[in-house]
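Q: File start-v1.pdb follows (PDB, C-alpha atoms):
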```pdb
ATOM      1  CA  MET A 162       7.694   2.390   9.619
ATOM      2  CA  ALA A 163       8.273   0.641   6.301
ATOM      3  CA  ALA A 164       4.545   0.213   5.702
ATOM      4  CA  GLU A 165       3.812   3.904   6.193
ATOM      5  CA  PRO A 166       3.716   4.884   2.485
ATOM      6  CA  LYS A 167       0.977   2.283   2.044
ATOM      7  CA  LEU A 168      -0.963   3.409   5.106
ATOM      8  CA  ALA A 169      -1.222   7.055   4.089
ATOM      9  CA  PRO A 170      -3.597   6.478   1.141
ATOM     10  CA  ILE A 171      -5.793   4.276   3.341
ATOM     11  CA  ARG A 172      -6.161   7.081   5.863
ATOM     12  CA  LYS A 173      -6.755   9.576   3.110
ATOM     13  CA  GLY A 174      -9.505   7.461   1.643
ATOM     14  CA  LEU A 175     -11.197   6.946   4.990
ATOM     15  CA  LEU A 176     -11.132  10.578   6.075
ATOM     16  CA  GLU A 177     -14.284  11.389   4.128
ATOM     17  CA  PHE A 178     -16.117   8.471   5.767
ATOM     18  CA  LEU A 179     -14.959   9.649   9.181
ATOM     19  CA  VAL A 180     -15.990  13.254   8.574
ATOM     20  CA  LEU A 181     -19.441  12.027   7.538
ATOM     21  CA  LYS A 182     -19.599  10.038  10.776
ATOM     22  CA  ILE A 183     -18.646  13.043  12.894
ATOM     23  CA  VAL A 184     -21.028  15.394  11.116
ATOM     24  CA  GLY A 185     -23.690  12.692  11.335
ATOM     25  CA  ALA A 186     -23.445  12.487  15.127
ATOM     26  CA  LYS A 187     -24.256  16.137  15.718
ATOM     27  CA  SER A 188     -24.102  19.561  14.117
ATOM     28  CA  VAL A 189     -20.463  20.691  14.282
ATOM     29  CA  TYR A 190     -18.168  23.441  13.084
ATOM     30  CA  VAL A 191     -14.690  22.843  11.746
ATOM     31  CA  PRO A 192     -12.714  23.209  15.002
ATOM     32  CA  ASP A 193     -15.028  20.561  16.559
ATOM     33  CA  ILE A 194     -14.159  18.155  13.753
ATOM     34  CA  LEU A 195     -10.434  18.878  14.100
ATOM     35  CA  ARG A 196     -10.641  18.297  17.831
ATOM     36  CA  GLU A 197     -12.361  14.960  17.426
ATOM     37  CA  LEU A 198      -9.765  13.789  14.917
ATOM     38  CA  ALA A 199      -6.763  15.168  16.818
ATOM     39  CA  GLY A 200      -4.839  12.458  18.616
ATOM     40  CA  THR A 201      -6.150   9.746  16.286
ATOM     41  CA  GLU A 202      -4.493   8.358  13.160
ATOM     42  CA  PHE A 203      -6.712  10.766  11.253
ATOM     43  CA  ALA A 204      -5.501  14.032  12.813
ATOM     44  CA  THR A 205      -5.800  16.621  10.097
ATOM     45  CA  GLN A 206      -5.753  20.345   9.356
ATOM     46  CA  GLU A 207      -8.121  23.021   8.185
ATOM     47  CA  GLY A 208      -6.319  23.115   4.850
ATOM     48  CA  THR A 209      -7.479  19.546   4.263
ATOM     49  CA  LEU A 210     -10.908  19.822   5.795
ATOM     50  CA  TYR A 211     -12.264  22.870   3.972
ATOM     51  CA  PRO A 212     -11.813  21.488   0.449
ATOM     52  CA  LEU A 213     -13.286  18.169   1.622
ATOM     53  CA  LEU A 214     -16.343  19.823   3.178
ATOM     54  CA  SER A 215     -16.790  21.932   0.070
ATOM     55  CA  LYS A 216     -16.806  18.781  -2.038
ATOM     56  CA  LEU A 217     -19.257  17.050   0.313
ATOM     57  CA  ARG A 218     -21.543  20.073   0.127
ATOM     58  CA  ARG A 219     -21.471  20.059  -3.676
ATOM     59  CA  GLU A 220     -22.349  16.372  -3.598
ATOM     60  CA  ASP A 221     -25.310  17.308  -1.393
ATOM     61  CA  LEU A 222     -24.086  15.119   1.474
ATOM     62  CA  VAL A 223     -23.657  17.904   4.037
ATOM     63  CA  GLN A 224     -25.104  21.363   4.414
ATOM     64  CA  TYR A 225     -24.266  24.188   6.777
ATOM     65  CA  GLU A 226     -25.955  27.018   8.542
ATOM     66  CA  TRP A 227     -24.511  30.116  10.133
ATOM     67  CA  LYS A 228     -24.686  30.376  13.895
ATOM     68  CA  GLU A 229     -23.714  33.311  16.043
ATOM     69  CA  SER A 230     -20.771  32.721  18.345
ATOM     70  CA  ASP A 231     -20.017  34.277  21.721
ATOM     71  CA  ALA A 232     -16.721  35.610  20.450
ATOM     72  CA  GLY A 233     -15.817  36.520  16.893
ATOM     73  CA  PRO A 234     -17.746  36.181  13.658
ATOM     74  CA  PRO A 235     -20.601  33.700  13.067
ATOM     75  CA  ARG A 236     -19.596  30.111  12.492
ATOM     76  CA  LYS A 237     -20.557  27.576   9.872
ATOM     77  CA  TYR A 238     -22.216  24.567  11.454
ATOM     78  CA  TYR A 239     -22.331  21.465   9.282
ATOM     79  CA  ARG A 240     -24.859  18.675   9.365
ATOM     80  CA  LEU A 241     -25.792  15.733   7.139
ATOM     81  CA  THR A 242     -28.465  15.950   4.467
ATOM     82  CA  ASP A 243     -30.793  13.005   3.910
ATOM     83  CA  THR A 244     -28.566  11.926   1.029
ATOM     84  CA  GLY A 245     -25.566  12.188   3.339
ATOM     85  CA  ARG A 246     -27.323  10.084   5.960
ATOM     86  CA  ALA A 247     -28.100   7.399   3.386
ATOM     87  CA  GLN A 248     -24.509   7.426   2.153
ATOM     88  CA  LEU A 249     -23.165   7.172   5.702
ATOM     89  CA  ASP A 250     -25.394   4.156   6.355
ATOM     90  CA  ALA A 251     -24.177   2.540   3.130
ATOM     91  CA  LEU A 252     -20.538   3.250   4.047
ATOM     92  CA  ASN A 253     -21.008   1.821   7.541
ATOM     93  CA  GLU A 254     -22.500  -1.320   6.110
ATOM     94  CA  TYR A 255     -19.778  -1.668   3.496
ATOM     95  CA  TRP A 256     -17.108  -1.089   6.115
ATOM     96  CA  THR A 257     -18.480  -3.916   8.259
ATOM     97  CA  LEU A 258     -18.617  -6.143   5.205
ATOM     98  CA  ILE A 259     -15.034  -5.582   4.063
ATOM     99  CA  ASN A 260     -13.753  -5.916   7.606
ATOM    100  CA  ARG A 261     -15.350  -9.328   7.801
ATOM    101  CA  THR A 262     -13.962 -10.258   4.390
ATOM    102  CA  ILE A 263     -10.450  -9.200   5.367
ATOM    103  CA  ALA A 264     -10.672 -11.095   8.654
ATOM    104  CA  ASN A 265     -11.652 -14.253   6.756
ATOM    105  CA  PHE A 266      -8.443 -14.363   4.732
ATOM    106  CA  GLY A 267      -4.972 -15.514   5.638
ATOM    107  CA  HIS A 268      -5.818 -18.256   8.141
TER     108      HIS A 268
ATOM    109  CA  MET B  67      10.832  52.979  14.317
ATOM    110  CA  GLN B  68       7.329  53.084  13.052
ATOM    111  CA  ARG B  69       5.673  49.954  11.884
ATOM    112  CA  ILE B  70       3.425  50.345   8.924
ATOM    113  CA  ALA B  71       0.369  48.161   9.148
ATOM    114  CA  THR B  72      -1.958  47.105   6.371
ATOM    115  CA  THR B  73      -5.609  46.519   7.063
ATOM    116  CA  VAL B  74      -6.841  43.312   5.509
ATOM    117  CA  ARG B  75     -10.344  42.018   5.277
ATOM    118  CA  LEU B  76     -10.368  38.255   5.759
ATOM    119  CA  ASN B  77     -13.878  37.053   5.049
ATOM    120  CA  ARG B  78     -15.883  38.307   8.029
ATOM    121  CA  SER B  79     -12.947  39.606  10.036
ATOM    122  CA  VAL B  80     -10.815  42.696   9.586
ATOM    123  CA  LEU B  81      -7.241  42.584  10.883
ATOM    124  CA  GLN B  82      -4.094  44.663  10.646
ATOM    125  CA  PHE B  83      -0.858  43.031   9.486
ATOM    126  CA  ASP B  84       2.677  44.410   9.592
ATOM    127  CA  ASP B  85       4.635  44.372   6.340
ATOM    128  CA  ALA B  86       6.356  41.043   6.784
ATOM    129  CA  ALA B  87       3.176  39.295   7.907
ATOM    130  CA  HIS B  88       1.197  40.937   5.136
ATOM    131  CA  ALA B  89       3.652  39.709   2.516
ATOM    132  CA  ARG B  90       3.508  36.167   3.938
ATOM    133  CA  LEU B  91      -0.280  36.272   4.022
ATOM    134  CA  GLU B  92      -0.493  37.378   0.397
ATOM    135  CA  GLN B  93       1.892  34.599  -0.565
ATOM    136  CA  TYR B  94      -0.138  31.972   1.323
ATOM    137  CA  LEU B  95      -3.433  33.102  -0.190
ATOM    138  CA  ALA B  96      -1.933  33.209  -3.693
ATOM    139  CA  GLU B  97      -0.532  29.682  -3.256
ATOM    140  CA  SER B  98      -3.883  28.471  -1.986
ATOM    141  CA  ALA B  99      -5.718  30.022  -4.937
ATOM    142  CA  ALA B 100      -3.249  28.327  -7.290
ATOM    143  CA  LEU B 101      -3.834  24.973  -5.570
ATOM    144  CA  LEU B 102      -7.550  25.368  -6.161
ATOM    145  CA  GLU B 103      -7.037  25.599  -9.904
ATOM    146  CA  GLY B 104      -9.739  23.405 -11.381
ATOM    147  CA  ASP B 105     -11.820  23.192  -8.222
ATOM    148  CA  PRO B 106     -15.465  23.889  -9.050
ATOM    149  CA  ASP B 107     -15.939  26.129  -6.025
ATOM    150  CA  PRO B 108     -12.674  27.899  -5.105
ATOM    151  CA  GLN B 109     -14.402  31.003  -3.692
ATOM    152  CA  GLU B 110     -16.046  29.139  -0.850
ATOM    153  CA  ILE B 111     -12.861  27.331   0.167
ATOM    154  CA  LEU B 112     -10.811  30.539   0.014
ATOM    155  CA  ALA B 113     -13.397  32.320   2.137
ATOM    156  CA  ASP B 114     -13.267  29.516   4.735
ATOM    157  CA  LEU B 115      -9.498  29.604   4.649
ATOM    158  CA  GLU B 116      -9.381  33.376   5.144
ATOM    159  CA  GLN B 117     -11.674  33.047   8.132
ATOM    160  CA  ALA B 118      -9.475  30.313   9.563
ATOM    161  CA  VAL B 119      -6.387  32.524   9.224
ATOM    162  CA  ALA B 120      -8.185  35.415  10.911
ATOM    163  CA  ASP B 121      -9.451  33.225  13.786
ATOM    164  CA  GLN B 122      -6.073  31.550  14.302
ATOM    165  CA  CYS B 123      -4.211  34.892  14.339
ATOM    166  CA  THR B 124      -6.727  36.510  16.670
ATOM    167  CA  ARG B 125      -6.402  33.589  19.066
ATOM    168  CA  ARG B 126      -2.619  34.062  19.154
ATOM    169  CA  MET B 127      -2.570  37.811  19.748
ATOM    170  CA  ARG B 128      -1.752  39.209  23.179
ATOM    171  CA  PRO B 129      -4.447  41.262  24.893
ATOM    172  CA  GLY B 130      -4.193  44.790  23.549
ATOM    173  CA  GLN B 131      -2.154  43.771  20.507
ATOM    174  CA  THR B 132      -3.552  45.368  17.365
ATOM    175  CA  VAL B 133      -1.180  44.351  14.591
ATOM    176  CA  VAL B 134      -0.565  40.765  13.478
ATOM    177  CA  THR B 135       3.116  39.879  13.035
ATOM    178  CA  LEU B 136       4.866  36.789  11.696
ATOM    179  CA  ALA B 137       5.054  35.550  15.295
ATOM    180  CA  GLU B 138       1.306  34.939  15.128
ATOM    181  CA  LEU B 139       0.844  34.335  11.423
ATOM    182  CA  GLN B 140       3.531  31.693  10.915
ATOM    183  CA  PRO B 141       2.289  29.218  13.560
ATOM    184  CA  ALA B 142      -1.269  29.937  12.459
ATOM    185  CA  LEU B 143      -0.478  28.948   8.869
ATOM    186  CA  GLU B 144       1.369  25.872  10.058
ATOM    187  CA  GLU B 145      -1.626  24.755  12.040
ATOM    188  CA  ILE B 146      -3.954  25.322   9.109
ATOM    189  CA  GLY B 147      -1.650  23.530   6.700
ATOM    190  CA  ALA B 148      -1.488  23.723   2.916
ATOM    191  CA  LEU B 149      -4.666  23.059   1.002
ATOM    192  CA  GLN B 150      -5.122  19.384   0.176
ATOM    193  CA  ALA B 151      -7.453  18.451  -2.605
ATOM    194  CA  PRO B 152      -9.827  15.715  -1.512
ATOM    195  CA  GLY B 153      -9.735  12.538  -3.593
ATOM    196  CA  ALA B 154     -10.637  13.168  -7.198
ATOM    197  CA  GLU B 155     -14.303  13.884  -7.549
ATOM    198  CA  THR B 156     -15.384  10.539  -8.864
ATOM    199  CA  ALA B 157     -18.739   9.461 -10.105
ATOM    200  CA  SER B 158     -18.729   6.829  -7.363
ATOM    201  CA  ALA B 159     -21.342   8.776  -5.448
ATOM    202  CA  HIS B 160     -23.781   8.007  -8.234
ATOM    203  CA  THR B 161     -22.643   4.525  -9.138
ATOM    204  CA  VAL B 162     -22.374   2.845  -5.761
ATOM    205  CA  ARG B 163     -21.802  -0.789  -6.572
ATOM    206  CA  GLU B 164     -23.801  -3.516  -4.994
ATOM    207  CA  PRO B 165     -21.566  -5.253  -2.485
ATOM    208  CA  ALA B 166     -20.566  -8.668  -3.806
ATOM    209  CA  VAL B 167     -22.776 -11.250  -2.151
ATOM    210  CA  ARG B 168     -21.059 -14.471  -1.336
ATOM    211  CA  SER B 169     -23.029 -16.824  -3.510
ATOM    212  CA  LEU B 170     -23.927 -20.443  -3.056
ATOM    213  CA  GLN B 171     -21.857 -22.283  -5.650
ATOM    214  CA  GLN B 172     -20.151 -25.631  -6.069
ATOM    215  CA  ILE B 173     -16.407 -25.375  -5.763
ATOM    216  CA  SER B 174     -14.619 -27.804  -8.041
ATOM    217  CA  GLU B 175     -11.147 -27.307  -6.639
ATOM    218  CA  GLY B 176     -10.543 -29.862  -3.923
ATOM    219  CA  ALA B 177     -14.004 -31.319  -4.345
ATOM    220  CA  VAL B 178     -14.584 -34.817  -2.902
ATOM    221  CA  ILE B 179     -17.626 -35.511  -5.066
ATOM    222  CA  SER B 180     -18.815 -32.383  -6.828
ATOM    223  CA  GLY B 181     -17.930 -29.495  -4.530
ATOM    224  CA  VAL B 182     -21.351 -29.079  -2.913
ATOM    225  CA  CYS B 183     -19.984 -29.296   0.637
ATOM    226  CA  ALA B 184     -17.074 -26.986  -0.131
ATOM    227  CA  GLY B 185     -19.529 -24.484  -1.625
ATOM    228  CA  LEU B 186     -21.949 -24.758   1.297
ATOM    229  CA  ALA B 187     -19.049 -24.363   3.711
ATOM    230  CA  ARG B 188     -17.916 -21.168   2.019
ATOM    231  CA  TYR B 189     -21.469 -19.854   1.913
ATOM    232  CA  LEU B 190     -22.137 -20.632   5.583
ATOM    233  CA  ASN B 191     -18.629 -19.713   6.686
ATOM    234  CA  LEU B 192     -18.019 -23.187   8.098
ATOM    235  CA  ASN B 193     -15.214 -25.684   7.844
ATOM    236  CA  ALA B 194     -15.681 -27.857   4.723
ATOM    237  CA  THR B 195     -14.381 -31.059   6.339
ATOM    238  CA  LEU B 196     -16.717 -30.590   9.284
ATOM    239  CA  LEU B 197     -19.608 -30.139   6.882
ATOM    240  CA  ARG B 198     -18.655 -33.286   4.971
ATOM    241  CA  VAL B 199     -18.596 -35.296   8.216
ATOM    242  CA  VAL B 200     -22.047 -33.955   9.093
ATOM    243  CA  ALA B 201     -23.277 -34.851   5.594
ATOM    244  CA  VAL B 202     -22.012 -38.424   5.915
ATOM    245  CA  LEU B 203     -23.605 -38.772   9.358
ATOM    246  CA  LEU B 204     -26.895 -37.472   7.934
ATOM    247  CA  LEU B 205     -26.563 -39.914   5.037
ATOM    248  CA  LEU B 206     -26.245 -42.803   7.495
ATOM    249  CA  GLY B 207     -28.961 -41.439   9.783
ATOM    250  CA  THR B 208     -31.553 -40.707   7.139
ATOM    251  CA  GLY B 209     -31.025 -43.888   5.198
ATOM    252  CA  GLY B 210     -30.525 -42.459   1.756
ATOM    253  CA  ALA B 211     -32.695 -39.312   1.793
ATOM    254  CA  MET B 212     -29.439 -37.394   1.970
ATOM    255  CA  VAL B 213     -28.456 -38.780  -1.420
ATOM    256  CA  LEU B 214     -31.447 -37.045  -2.978
ATOM    257  CA  VAL B 215     -30.605 -33.794  -1.215
ATOM    258  CA  TYR B 216     -27.033 -34.007  -2.432
ATOM    259  CA  LEU B 217     -28.042 -34.845  -5.982
ATOM    260  CA  SER B 218     -30.515 -31.974  -6.071
ATOM    261  CA  LEU B 219     -27.893 -29.531  -4.852
ATOM    262  CA  MET B 220     -25.431 -30.982  -7.335
ATOM    263  CA  VAL B 221     -27.804 -30.198 -10.141
ATOM    264  CA  LEU B 222     -29.057 -26.857  -8.835
ATOM    265  CA  MET B 223     -25.986 -25.123  -7.388
ATOM    266  CA  PRO B 224     -24.076 -23.234 -10.074
ATOM    267  CA  TYR B 225     -20.376 -23.957 -10.501
ATOM    268  CA  ALA B 226     -18.090 -21.329  -9.044
ATOM    269  CA  PRO B 227     -15.704 -19.911 -11.649
ATOM    270  CA  LEU B 228     -12.547 -22.022 -11.735
ATOM    271  CA  GLN B 229      -9.519 -20.604  -9.995
ATOM    272  CA  PRO B 230      -6.424 -20.126 -12.177
ATOM    273  CA  GLY B 231      -5.014 -23.642 -12.640
ATOM    274  CA  GLY B 232      -8.162 -25.226 -11.246
ATOM    275  CA  GLU B 233      -9.734 -28.244 -12.914
ATOM    276  CA  PRO B 234     -13.394 -29.094 -13.430
ATOM    277  CA  ILE B 235     -14.537 -32.229 -11.598
ATOM    278  CA  ARG B 236     -12.876 -35.038 -13.470
ATOM    279  CA  TRP B 237     -15.247 -37.989 -12.936
ATOM    280  CA  LEU B 238     -18.165 -36.043 -14.339
ATOM    281  CA  PRO B 239     -18.184 -35.937 -18.158
ATOM    282  CA  ALA B 240     -17.986 -32.444 -19.620
ATOM    283  CA  LYS B 241     -21.262 -33.073 -21.455
ATOM    284  CA  THR B 242     -23.076 -33.853 -18.195
ATOM    285  CA  ARG B 243     -21.693 -30.706 -16.583
ATOM    286  CA  ALA B 244     -22.744 -28.643 -19.567
ATOM    287  CA  PHE B 245     -26.205 -30.208 -19.440
ATOM    288  CA  MET B 246     -26.581 -29.338 -15.738
ATOM    289  CA  GLU B 247     -25.515 -25.782 -16.466
ATOM    290  CA  TYR B 248     -28.158 -25.670 -19.190
ATOM    291  CA  ILE B 249     -30.829 -26.872 -16.722
ATOM    292  CA  ARG B 250     -29.763 -24.231 -14.187
ATOM    293  CA  VAL B 251     -30.021 -21.469 -16.733
ATOM    294  CA  LYS B 252     -33.470 -22.768 -17.735
ATOM    295  CA  LEU B 253     -34.518 -22.853 -14.064
ATOM    296  CA  GLY B 254     -33.144 -19.373 -13.567
ATOM    297  CA  VAL B 255     -30.667 -20.328 -10.838
ATOM    298  CA  ASP B 256     -27.578 -19.613 -12.971
ATOM    299  CA  ARG B 257     -26.529 -17.210 -15.673
ATOM    300  CA  PRO B 258     -25.423 -18.391 -19.109
ATOM    301  CA  ARG B 259     -21.642 -18.760 -19.403
ATOM    302  CA  ASN B 260     -19.460 -16.502 -21.511
ATOM    303  CA  VAL B 261     -21.664 -13.546 -20.789
ATOM    304  CA  THR B 262     -19.827 -10.696 -19.189
ATOM    305  CA  ALA B 263     -21.944  -9.472 -16.340
TER     306      ALA B 263
END
```
Could you spell out this file's structure in structure tokens?

A:
Amino acid sequence: MAAEPKLAPIRKGLLEFLVLKIVGAKSVYVPDILRELAGTEFATQEGTLYPLLSKLRREDLVQYEWKESDAGPPRKYYRLTDTGRAQLDALNEYWTLINRTIANFGH
Amino acid sequence: MQRIATTVRLNRSVLQFDDAAHARLEQYLAESAALLEGDPDPQEILADLEQAVADQCTRRMRPGQTVVTLAELQPALEEIGALQAPGAETASAHTVREPAVRSLQQISEGAVISGVCAGLARYLNLNATLLRVVAVLLLLGTGGAMVLVYLSLMVLMPYAPLQPGGEPIRWLPAKTRAFMEYIRVKLGVDRPRNVTA
């Protein structure tokens, strides 16, 4: 697709928003996030997700806790902080706003 | 032939790798560490990554298999993918801008009288012509009260910034326009011109 090079940065920019949405819905560990994104335009890999989650944690938007698993070592479960919740709400609102703006042009 | 296996601790897991897989693993981890150059918290990401490699390899091993080979490691690394830095850590988290509110302004371009209807139409997301027809009907129906409403809005609504190539309303002398802008600033419904917000 000729437009593809222009679509990639859009997806990249929205991934953080989407991860906040997923983490905001319920406490998840990384394979849960990958599963939810798989099959969408935002399918991604652990190599992308870990640095992103690390950044979100430093920005105090998400935090994690260790939970025992049935098989293998304990897992990191991520959830939103209050700051993260506020940012997600702001992003949702902004997203609605720009969607409306975009829809209003080009008629 | 005897395979020599190396025991590697990957975060919270301990696995054995054959020589080829061990070499590939070292290479991958070294590349990842290099990619994290400048990241404020490389240790955490590397630890997560090591755990991911261990989990992915374990998942791919046959029951009873004790040593990880390239047959497990290679697809595991492909699934994990190379490290991708998230977008540059901007200060945007701290300086979230107020979303631009569509403001109620007179639009001079294409104005019939002063651009009040065009401005109201943009503000209310309505068709400007439709709004003008309604205004004329109200003018006829209310016997002149509408004139006062229009004049008030004409004085009170700030002028929208001119589009490139746009012209200020021609029938209205520049001095009158400037005077109305002065009144608006005094009334606090407009900001002084030539001030960068």

Q: Write out as number ranges by chain every residue belonging to chain A that has an atom at most 7 Å from any atom of chain B, counting all atoms listed in the file.

A: A: 206-209, 211-213, 215, 234

Q: Can you pull out the residues contacting region 217-225 of chain A? Cut-off 6 Å, using all atoms listed in the file, and skip same-chain residues under 2 positions away; I want them as a PyMOL selection string.

A: chain A and resi 214-215+237-242+244-245

Q: Check which residues satisfy the PyMOL selection byres ((chain B and resi 213-219) around 12) in the file shown, then give them as a PDB file with C-alpha atoms, in the frame of the given file.

A:
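Final file, part_7.pdb:
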```
ATOM      1  CA  LEU B 170     -23.927 -20.443  -3.056  1.00  0.00           C
ATOM      2  CA  GLN B 171     -21.857 -22.283  -5.650  1.00  0.00           C
ATOM      3  CA  GLN B 172     -20.151 -25.631  -6.069  1.00  0.00           C
ATOM      4  CA  ILE B 179     -17.626 -35.511  -5.066  1.00  0.00           C
ATOM      5  CA  SER B 180     -18.815 -32.383  -6.828  1.00  0.00           C
ATOM      6  CA  GLY B 181     -17.930 -29.495  -4.530  1.00  0.00           C
ATOM      7  CA  VAL B 182     -21.351 -29.079  -2.913  1.00  0.00           C
ATOM      8  CA  CYS B 183     -19.984 -29.296   0.637  1.00  0.00           C
ATOM      9  CA  GLY B 185     -19.529 -24.484  -1.625  1.00  0.00           C
ATOM     10  CA  LEU B 186     -21.949 -24.758   1.297  1.00  0.00           C
ATOM     11  CA  ARG B 198     -18.655 -33.286   4.971  1.00  0.00           C
ATOM     12  CA  ALA B 201     -23.277 -34.851   5.594  1.00  0.00           C
ATOM     13  CA  VAL B 202     -22.012 -38.424   5.915  1.00  0.00           C
ATOM     14  CA  LEU B 203     -23.605 -38.772   9.358  1.00  0.00           C
ATOM     15  CA  LEU B 204     -26.895 -37.472   7.934  1.00  0.00           C
ATOM     16  CA  LEU B 205     -26.563 -39.914   5.037  1.00  0.00           C
ATOM     17  CA  LEU B 206     -26.245 -42.803   7.495  1.00  0.00           C
ATOM     18  CA  GLY B 207     -28.961 -41.439   9.783  1.00  0.00           C
ATOM     19  CA  THR B 208     -31.553 -40.707   7.139  1.00  0.00           C
ATOM     20  CA  GLY B 209     -31.025 -43.888   5.198  1.00  0.00           C
ATOM     21  CA  GLY B 210     -30.525 -42.459   1.756  1.00  0.00           C
ATOM     22  CA  ALA B 211     -32.695 -39.312   1.793  1.00  0.00           C
ATOM     23  CA  MET B 212     -29.439 -37.394   1.970  1.00  0.00           C
ATOM     24  CA  MET B 220     -25.431 -30.982  -7.335  1.00  0.00           C
ATOM     25  CA  VAL B 221     -27.804 -30.198 -10.141  1.00  0.00           C
ATOM     26  CA  LEU B 222     -29.057 -26.857  -8.835  1.00  0.00           C
ATOM     27  CA  MET B 223     -25.986 -25.123  -7.388  1.00  0.00           C
ATOM     28  CA  PRO B 224     -24.076 -23.234 -10.074  1.00  0.00           C
ATOM     29  CA  TYR B 225     -20.376 -23.957 -10.501  1.00  0.00           C
ATOM     30  CA  MET B 246     -26.581 -29.338 -15.738  1.00  0.00           C
ATOM     31  CA  ILE B 249     -30.829 -26.872 -16.722  1.00  0.00           C
ATOM     32  CA  ARG B 250     -29.763 -24.231 -14.187  1.00  0.00           C
ATOM     33  CA  VAL B 255     -30.667 -20.328 -10.838  1.00  0.00           C
TER      34      VAL B 255
END
```

Q: Would you kindly return, as an MDAnalysis selection string, each protein, DNA or RNA residue with an atom no farther than 12 Å from any atom of Ala89 (chain B), considering only C-alpha atoms and excluding same-chain residues fewer than 3 positions away?

A: chainID B and resid 71:72 74 83:86 92:96 134:136 139:140

Q: Okay, now the selection with C-alpha atoms, as a PDB file, in the coordinates of the input?

A:
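In the end it all went to selection-v3.pdb:
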```pdb
ATOM      1  CA  ALA B  71       0.369  48.161   9.148  1.00  0.00           C
ATOM      2  CA  THR B  72      -1.958  47.105   6.371  1.00  0.00           C
ATOM      3  CA  VAL B  74      -6.841  43.312   5.509  1.00  0.00           C
ATOM      4  CA  PHE B  83      -0.858  43.031   9.486  1.00  0.00           C
ATOM      5  CA  ASP B  84       2.677  44.410   9.592  1.00  0.00           C
ATOM      6  CA  ASP B  85       4.635  44.372   6.340  1.00  0.00           C
ATOM      7  CA  ALA B  86       6.356  41.043   6.784  1.00  0.00           C
ATOM      8  CA  GLU B  92      -0.493  37.378   0.397  1.00  0.00           C
ATOM      9  CA  GLN B  93       1.892  34.599  -0.565  1.00  0.00           C
ATOM     10  CA  TYR B  94      -0.138  31.972   1.323  1.00  0.00           C
ATOM     11  CA  LEU B  95      -3.433  33.102  -0.190  1.00  0.00           C
ATOM     12  CA  ALA B  96      -1.933  33.209  -3.693  1.00  0.00           C
ATOM     13  CA  VAL B 134      -0.565  40.765  13.478  1.00  0.00           C
ATOM     14  CA  THR B 135       3.116  39.879  13.035  1.00  0.00           C
ATOM     15  CA  LEU B 136       4.866  36.789  11.696  1.00  0.00           C
ATOM     16  CA  LEU B 139       0.844  34.335  11.423  1.00  0.00           C
ATOM     17  CA  GLN B 140       3.531  31.693  10.915  1.00  0.00           C
TER      18      GLN B 140
END
```

Q: Residues within 10 Å of Asp193 (chain A), please, as a PyMOL selection string. Count only C-alpha atoms; anything in the same chain fewer than 4 positions from it doesn't count.

A: chain A and resi 183-184+188-189+197-199+238

Q: Output the selection as a tab-separated table (two decimals), in the frame of the given file - C-alpha atoms for each residue.

A:
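File written: again05.tsv
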```tsv
chain	number	residue	atom	x	y	z
A	183	ILE	CA	-18.65	13.04	12.89
A	184	VAL	CA	-21.03	15.39	11.12
A	188	SER	CA	-24.10	19.56	14.12
A	189	VAL	CA	-20.46	20.69	14.28
A	197	GLU	CA	-12.36	14.96	17.43
A	198	LEU	CA	-9.76	13.79	14.92
A	199	ALA	CA	-6.76	15.17	16.82
A	238	TYR	CA	-22.22	24.57	11.45
```

Q: What is the CA of Glu202 (chain A) to CA of Glu138 (chain B) distance in Å?

A: 27.3 Å

Q: Between CA of Pro239 (chain B) and CA of Ala226 (chain B), what is the distance, to one decimal in Å?

A: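 Between CA of Pro239 (chain B) and CA of Ala226 (chain B) the gap is 17.2 Å.
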
Q: So the first atom is CA of Ala177 (chain B) and the second is CA of Pro234 (chain B); what is the distance between them in Å, to one decimal place?

A: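 The value is 9.4 Å.
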